[in-house]
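J.: The following file, start-v2.txt, comprises compact mmCIF, C-alpha atoms:
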# COMPACT_ATOMS: atom_id res chain seq x y z
CA MET F 529 -50.19 -24.84 24.72
CA ALA F 530 -48.76 -21.33 25.05
CA ASP F 531 -46.69 -22.40 28.06
CA SER F 532 -45.33 -25.34 26.08
CA ASP F 533 -44.34 -23.03 23.21
CA ASN F 534 -42.63 -20.67 25.66
CA ASP F 535 -40.69 -23.59 27.16
CA ASP F 536 -39.53 -24.61 23.69
CA LEU F 537 -38.25 -21.08 23.07
CA LYS F 538 -36.25 -20.92 26.30
CA ALA F 539 -32.52 -21.30 25.89
CA ALA F 540 -30.92 -24.13 27.84
CA ASP F 541 -28.78 -23.03 30.77
CA ALA F 542 -25.15 -24.10 31.24
CA LYS F 543 -26.06 -27.24 33.18
CA GLU F 544 -28.52 -28.39 30.50
CA LEU F 545 -25.99 -27.69 27.75
CA HIS F 546 -23.38 -29.65 29.69
CA ARG F 547 -25.76 -32.59 29.97
CA ALA F 548 -26.71 -32.46 26.26
CA VAL F 549 -23.10 -32.31 25.03
CA ARG F 550 -21.95 -34.90 27.61
CA GLU F 551 -24.68 -37.37 26.63
CA GLU F 552 -23.78 -36.92 22.98
CA GLY F 553 -20.16 -37.62 23.90
CA GLU F 554 -21.11 -40.75 25.84
CA ASP F 555 -22.97 -42.03 22.79
CA GLU F 556 -19.92 -41.31 20.63
CA LEU F 557 -17.61 -43.19 23.01
CA ARG F 558 -19.77 -46.31 22.68
CA ARG F 559 -19.97 -46.29 18.89
CA PRO F 560 -18.23 -49.15 17.03
CA VAL F 561 -15.13 -48.48 14.96
CA GLY F 562 -16.94 -48.47 11.63
CA SER F 563 -19.50 -45.94 12.86
CA LEU F 564 -16.64 -43.57 13.67
CA PHE F 565 -14.30 -44.29 10.76
CA TRP F 566 -16.66 -43.95 7.79
CA PRO F 567 -18.30 -40.67 8.88
CA GLY F 568 -14.78 -39.45 9.73
CA LEU F 569 -13.53 -40.33 6.26
CA ALA F 570 -16.55 -38.62 4.70
CA ALA F 571 -15.90 -35.53 6.84
CA GLY F 572 -12.26 -35.39 5.77
CA MET F 573 -13.25 -35.47 2.13
CA ALA F 574 -16.22 -33.12 2.52
CA ILE F 575 -14.26 -30.49 4.43
CA SER F 576 -12.28 -29.91 1.23
CA ALA F 577 -15.32 -27.95 0.06
CA SER F 578 -13.95 -25.12 2.21
CA LEU F 579 -10.67 -24.99 0.31
CA ILE F 580 -12.37 -25.38 -3.08
CA ALA F 581 -14.89 -22.62 -2.35
CA GLU F 582 -12.12 -20.31 -1.16
CA ALA F 583 -10.05 -21.12 -4.24
CA ALA F 584 -12.98 -20.41 -6.59
CA LEU F 585 -13.44 -16.97 -5.01
CA TYR F 586 -9.69 -16.29 -4.95
CA ALA F 587 -9.38 -17.11 -8.65
CA LYS F 588 -12.09 -14.64 -9.65
CA LEU F 589 -11.19 -11.70 -7.44
CA PRO F 590 -8.57 -9.03 -8.15
CA ALA F 591 -5.52 -8.74 -5.89
CA THR F 592 -6.87 -6.13 -3.48
CA PRO F 593 -6.47 -5.58 0.30
CA TRP F 594 -10.01 -6.85 0.88
CA ARG F 595 -9.73 -10.03 -1.20
CA ASP F 596 -8.85 -12.29 1.74
CA LEU F 597 -11.97 -11.19 3.65
CA VAL F 598 -14.18 -12.12 0.70
CA VAL F 599 -12.30 -15.36 0.03
CA ALA F 600 -12.90 -16.32 3.66
CA LEU F 601 -16.64 -16.47 2.90
CA GLY F 602 -15.98 -19.82 1.21
CA TYR F 603 -14.42 -21.33 4.33
CA PRO F 604 -17.67 -22.16 6.20
CA LEU F 605 -18.97 -24.36 3.36
CA GLY F 606 -17.10 -27.51 4.38
CA PHE F 607 -18.09 -27.06 8.02
CA LEU F 608 -21.75 -26.64 7.08
CA ILE F 609 -21.66 -29.88 5.10
CA VAL F 610 -19.85 -31.82 7.84
CA ILE F 611 -21.66 -30.49 10.92
CA LEU F 612 -25.20 -30.34 9.52
CA GLY F 613 -24.58 -33.70 7.84
CA ARG F 614 -23.69 -35.19 11.26
CA MET F 615 -20.29 -36.44 10.12
CA GLN F 616 -17.34 -37.06 12.47
CA LEU F 617 -14.97 -34.10 12.78
CA PHE F 618 -11.95 -34.37 15.07
CA THR F 619 -12.13 -30.83 16.43
CA GLU F 620 -15.80 -31.22 17.37
CA SER F 621 -15.07 -34.46 19.22
CA THR F 622 -12.48 -32.76 21.42
CA ILE F 623 -15.17 -31.36 23.71
CA THR F 624 -17.95 -33.93 23.22
CA ALA F 625 -15.60 -36.77 24.19
CA MET F 626 -13.85 -34.79 26.91
CA LEU F 627 -16.92 -33.90 28.98
CA PRO F 628 -17.74 -37.53 29.89
CA LEU F 629 -14.09 -38.01 30.88
CA VAL F 630 -13.83 -34.96 33.15
CA THR F 631 -17.28 -35.71 34.64
CA THR F 632 -16.48 -39.34 35.41
CA PRO F 633 -12.71 -39.82 35.10
CA THR F 634 -12.49 -43.59 34.72
CA ARG F 635 -10.00 -45.74 32.85
CA TRP F 636 -12.78 -46.81 30.48
CA ALA F 637 -13.61 -43.19 29.65
CA LEU F 638 -9.93 -42.34 29.09
CA LEU F 639 -9.30 -45.28 26.78
CA ARG F 640 -12.53 -44.69 24.89
CA THR F 641 -11.72 -40.99 24.48
CA LEU F 642 -8.27 -41.78 23.08
CA ARG F 643 -9.83 -44.44 20.84
CA LEU F 644 -12.41 -41.96 19.51
CA TRP F 645 -9.83 -39.27 18.81
CA GLY F 646 -7.45 -41.72 17.16
CA ILE F 647 -10.06 -43.20 14.82
CA VAL F 648 -11.68 -39.91 13.86
CA LEU F 649 -8.39 -38.07 13.37
CA PHE F 650 -6.97 -40.87 11.21
CA ALA F 651 -10.17 -41.00 9.15
CA ASN F 652 -10.26 -37.20 8.75
CA LEU F 653 -6.62 -37.10 7.64
CA LEU F 654 -7.12 -39.97 5.21
CA GLY F 655 -10.06 -38.08 3.72
CA THR F 656 -8.12 -34.83 3.38
CA ALA F 657 -5.17 -36.72 1.89
CA ILE F 658 -7.45 -38.16 -0.79
CA SER F 659 -8.96 -34.74 -1.51
CA GLY F 660 -5.55 -33.07 -1.54
CA ALA F 661 -4.24 -35.63 -4.02
CA LEU F 662 -7.27 -35.18 -6.28
CA ILE F 663 -6.88 -31.40 -6.33
CA ALA F 664 -3.10 -31.62 -6.85
CA HIS F 665 -3.52 -33.88 -9.88
CA GLY F 666 -6.28 -31.79 -11.45
CA LEU F 667 -9.04 -34.33 -10.80
CA LEU F 668 -11.07 -32.09 -8.52
CA GLY F 669 -11.72 -28.59 -9.82
CA SER F 670 -10.31 -26.67 -12.76
CA ASP F 671 -6.67 -25.70 -13.31
CA GLU F 672 -7.61 -22.18 -12.24
CA VAL F 673 -9.04 -23.47 -8.95
CA ARG F 674 -6.00 -25.71 -8.45
CA GLY F 675 -3.63 -22.77 -8.82
CA ALA F 676 -5.67 -20.66 -6.43
CA ALA F 677 -5.86 -23.52 -3.90
CA LEU F 678 -2.06 -23.84 -4.00
CA ALA F 679 -1.68 -20.09 -3.44
CA ILE F 680 -4.03 -20.19 -0.45
CA SER F 681 -2.41 -23.33 0.98
CA ALA F 682 1.12 -21.93 0.70
CA LYS F 683 0.31 -19.49 3.51
CA ILE F 684 0.45 -22.28 6.11
CA THR F 685 4.17 -22.76 5.35
CA GLU F 686 4.88 -19.19 6.49
CA LEU F 687 4.33 -20.22 10.13
CA SER F 688 6.85 -22.13 12.22
CA PRO F 689 5.63 -25.30 13.99
CA LEU F 690 5.46 -23.34 17.27
CA ALA F 691 3.49 -20.52 15.66
CA THR F 692 1.12 -23.06 14.12
CA PHE F 693 0.61 -24.68 17.53
CA ILE F 694 -0.15 -21.34 19.18
CA ASN F 695 -2.41 -20.31 16.29
CA ALA F 696 -4.34 -23.58 16.60
CA ILE F 697 -5.26 -23.10 20.26
CA PRO F 698 -7.91 -20.41 19.65
CA ALA F 699 -9.20 -22.42 16.68
CA GLY F 700 -9.76 -25.45 18.92
CA PHE F 701 -11.36 -23.19 21.52
CA MET F 702 -13.74 -21.66 18.96
CA ILE F 703 -14.83 -24.99 17.47
CA ALA F 704 -15.44 -26.30 20.99
CA ILE F 705 -17.63 -23.25 21.69
CA LEU F 706 -19.45 -23.99 18.44
CA ALA F 707 -20.14 -27.59 19.49
CA TRP F 708 -21.26 -26.29 22.90
CA ALA F 709 -23.59 -23.66 21.39
CA LEU F 710 -25.27 -25.79 18.70
CA PRO F 711 -27.78 -27.53 21.02
CA ASN F 712 -29.16 -24.05 21.77
CA ALA F 713 -28.94 -22.79 18.20
CA ARG F 714 -31.95 -24.64 16.74
CA GLU F 715 -33.00 -22.87 13.50
CA GLN F 716 -30.00 -20.55 13.74
CA SER F 717 -27.46 -23.40 13.40
CA PHE F 718 -26.59 -22.40 9.83
CA TRP F 719 -25.66 -18.84 10.79
CA ILE F 720 -23.87 -19.87 13.98
CA ILE F 721 -21.61 -22.21 12.00
CA VAL F 722 -20.98 -19.57 9.33
CA ALA F 723 -20.14 -16.87 11.88
CA PHE F 724 -17.75 -18.97 13.95
CA THR F 725 -15.87 -20.50 11.04
CA TYR F 726 -15.68 -17.24 9.09
CA VAL F 727 -14.07 -15.47 12.04
CA LEU F 728 -11.76 -18.47 12.53
CA THR F 729 -10.25 -18.17 9.07
CA ALA F 730 -10.44 -14.38 8.76
CA ALA F 731 -8.38 -14.13 11.95
CA GLY F 732 -5.82 -16.57 10.51
CA PHE F 733 -6.24 -19.33 13.10
CA SER F 734 -5.08 -22.87 12.30
CA HIS F 735 -7.65 -25.66 12.00
CA SER F 736 -6.03 -29.08 11.90
CA VAL F 737 -8.43 -30.78 9.47
CA VAL F 738 -8.81 -27.99 6.91
CA GLY F 739 -5.12 -27.26 7.36
CA SER F 740 -4.28 -30.89 6.61
CA ASP F 741 -6.19 -30.59 3.33
CA GLU F 742 -3.94 -27.66 2.43
CA ALA F 743 -0.82 -29.48 3.67
CA PHE F 744 -1.55 -32.63 1.68
CA LEU F 745 -2.30 -30.56 -1.43
CA LEU F 746 1.13 -28.95 -1.14
CA MET F 747 2.75 -32.34 -0.58
CA PHE F 748 1.12 -34.03 -3.56
CA ALA F 749 1.93 -31.01 -5.71
CA GLY F 750 5.61 -31.44 -4.79
CA LYS F 751 5.83 -28.23 -2.74
CA THR F 752 6.59 -29.91 0.62
CA GLY F 753 7.97 -33.24 1.84
CA LEU F 754 6.36 -35.89 4.01
CA TRP F 755 8.18 -34.84 7.21
CA GLN F 756 7.26 -31.17 6.82
CA THR F 757 3.66 -32.07 6.00
CA LEU F 758 3.03 -34.41 8.93
CA ILE F 759 5.39 -33.10 11.62
CA GLU F 760 5.74 -29.39 10.95
CA LEU F 761 2.34 -28.49 9.49
CA ILE F 762 -0.31 -30.99 10.67
CA ALA F 763 0.93 -32.23 14.07
CA PRO F 764 1.28 -28.76 15.69
CA ALA F 765 -2.23 -27.83 14.53
CA VAL F 766 -3.67 -31.06 15.96
CA LEU F 767 -1.97 -30.49 19.32
CA GLY F 768 -3.03 -26.85 19.43
CA ASN F 769 -6.65 -27.71 18.64
CA LEU F 770 -6.58 -30.30 21.44
CA VAL F 771 -5.24 -27.79 23.93
CA GLY F 772 -7.85 -25.21 22.97
CA GLY F 773 -10.81 -27.58 22.75
CA ALA F 774 -10.24 -30.60 24.99
CA GLY F 775 -8.03 -28.64 27.37
CA ILE F 776 -9.02 -25.05 27.98
CA PHE F 777 -12.66 -24.92 26.88
CA ALA F 778 -13.74 -28.36 28.09
CA LEU F 779 -12.34 -27.67 31.56
CA LEU F 780 -13.97 -24.23 31.68
CA ALA F 781 -17.30 -25.64 30.47
CA HIS F 782 -17.19 -28.36 33.11
CA GLY F 783 -15.95 -26.02 35.82
CA GLN F 784 -18.92 -23.69 35.55
CA VAL F 785 -21.39 -26.48 36.43
CA LYS F 786 -19.23 -28.76 38.59
CA ALA F 787 -20.41 -27.27 41.90
CA GLU F 788 -24.07 -27.70 40.92
CA MET F 789 -23.49 -31.29 39.81
CA ASP F 790 -21.62 -32.09 43.03
CA GLY F 791 -24.49 -30.58 44.99
CA GLU F 792 -27.00 -32.80 43.20
CA ALA F 793 -24.82 -35.85 43.87
CA THR F 794 -24.85 -35.17 47.61
Could you take the file, read its structure, and then write that structure out as structure tokens?
T.:
Amino acid sequence: MADSDNDDLKAADAKELHRAVREEGEDELRRPVGSLFWPGLAAGMAISASLIAEAALYAKLPATPWRDLVVALGYPLGFLIVILGRMQLFTESTITAMLPLVTTPTRWALLRTLRLWGIVLFANLLGTAISGALIAHGLLGSDEVRGAALAISAKITELSPLATFINAIPAGFMIAILAWALPNAREQSFWIIVAFTYVLTAAGFSHSVVGSDEAFLLMFAGKTGLWQTLIELIAPAVLGNLVGGAGIFALLAHGQVKAEMDGEAT
């Protein structure tokens, strides 16, 4: 019994983590459209809890040099709801869907990966658009929270599309690491999510889904136009997250176990 308990406490090595995340990705690739769309829509709406929590803190705190660090404590809330609730988040799917593709690069895997990303991203953006519209029209949160949310969201317009793209690469990388680490986290999942997402926002990195909530809020409040919202604010963040998650981290994660997997195959 003691040996069994010790085995349960052992952390999975890189190869075991690769297998766990890859198998999860393979399951995701086979899911029907509805099983991707509805959890994706729910995730897009639920992630707005991050912006609302930040806005509630922002509204109550004085304008001091440390306010942004305290406001950032609200940012993990939406991620906790989405990830622990097993909803579909685009930035998480960048690595889970990519590992099956880089392990077995077939046409089926490529088309299924693009299908997964397309459905989940569309559903996430539809959810954040709904939430952004509700906040903008005073139907979600108080007027005080609405004003604070607009002040927080306005910061994303200070970056050029290129700067947003570059800023989004480390965000995609960090969320991919988070998805990679969670199978090992067990009871510490809550704190792992909080730590990663807090650092993400405190460092000023661009997350495409939370950022789209902010972008749509600005659009529905009449602060930005449709072109600026979709092309200059959201699209660069999506591309940057893909480069960081599906590109850099997924290839590194696969590269560290590729030799062992090839050895097993032979």
J.: Tell me which residues come within 12 Å of (-9.5, -38.0, 9.6), as a VMD selection string, counting all atoms listed in the file in the file's coordinates.
T.: chain F and resid 564 to 576 615 to 619 621 644 to 659 736 to 741 762 766
J.: Which neighbours of region 677-686 of chain F fall inside 10 Å, counting only C-alpha atoms, when residues of the same chain fewer than 5 positions from it are skipped, and could you give them as an NGL selection string?
T.: :F and (579-584 or 586-587 or 596 or 599 or 660 or 663-664 or 669 or 671-672 or 691-692 or 732 or 734 or 738-746 or 749 or 751-752 or 756-757 or 760-762)
J.: Taking all atoms listed in the file into account, produce a table as a tab-separated table in which each residue of region 552-626 of chain F with an atom at most 7 Å from an atom of region 724-728 of chain F appears once, together with its shortest atom pair and the distance in Å to one decimal, ordered by chain and rising number.
T.:
residue	atom	partner	partner_atom	distance
F:Ala600	CA	F:Tyr726	CA	6.2
F:Leu601	CA	F:Tyr726	CA	6.3
F:Tyr603	CA	F:Tyr726	CA	6.4
F:Pro604	CA	F:Thr725	CA	5.4
J.: Suppose you want the space between CA of Val771 (chain F) and CA of Thr641 (chain F); what is it in Å?
T.: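 Atom-to-atom, CA of Val771 (chain F) and CA of Thr641 (chain F) are spaced 14.7 Å apart.
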J.: Which of these, F:Ser670, F:Asn712, F:Ser688, F:Ser578, has the shortest distance to Gly606 (chain F) once you count only C-alpha atoms?
T.: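 So, comparing all the options, the nearest one is F:Ser578.
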J.: Of the residues F:Thr634, F:Thr729, F:Gln716, F:Thr622, which is the one nearest to Gly772 (chain F), using only C-alpha atoms?
T.: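 Of F:Thr634, F:Thr729, F:Gln716, F:Thr622, the one nearest Gly772 (chain F) is F:Thr622, counting only C-alpha atoms.
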J.: Between F:Lys588, F:Arg640, F:Lys543, F:Arg674, which one has atoms that come closest to Asp555 (chain F), using all atoms listed in the file?
T.: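 Of F:Lys588, F:Arg640, F:Lys543, F:Arg674, the one nearest Asp555 (chain F), counting all atoms listed in the file, is F:Arg640.
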J.: Check the smallest atom-to-atom distance from each of F:Ile609, F:Ala781, F:Ala696, F:Leu770 to Val549 (chain F) using only C-alpha atoms, then report the winner.
T.: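 Of F:Ile609, F:Ala781, F:Ala696, F:Leu770, the one nearest Val549 (chain F), counting only C-alpha atoms, is F:Ala781.
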J.: What is the distance between CA of Pro628 (chain F) and CA of Leu642 (chain F), in Å to one decimal?
T.: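 These two atoms are separated by 12.4 Å.
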J.: Compare F:Asn695, F:Ser563, F:Asn769, F:Thr592 by their minimum atom-to-atom distance to Ile623 (chain F), counting all atoms listed in the file, and give me the closest one.
T.: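 Looking at the shortest contact to Ile623 (chain F), the residue is F:Asn769.
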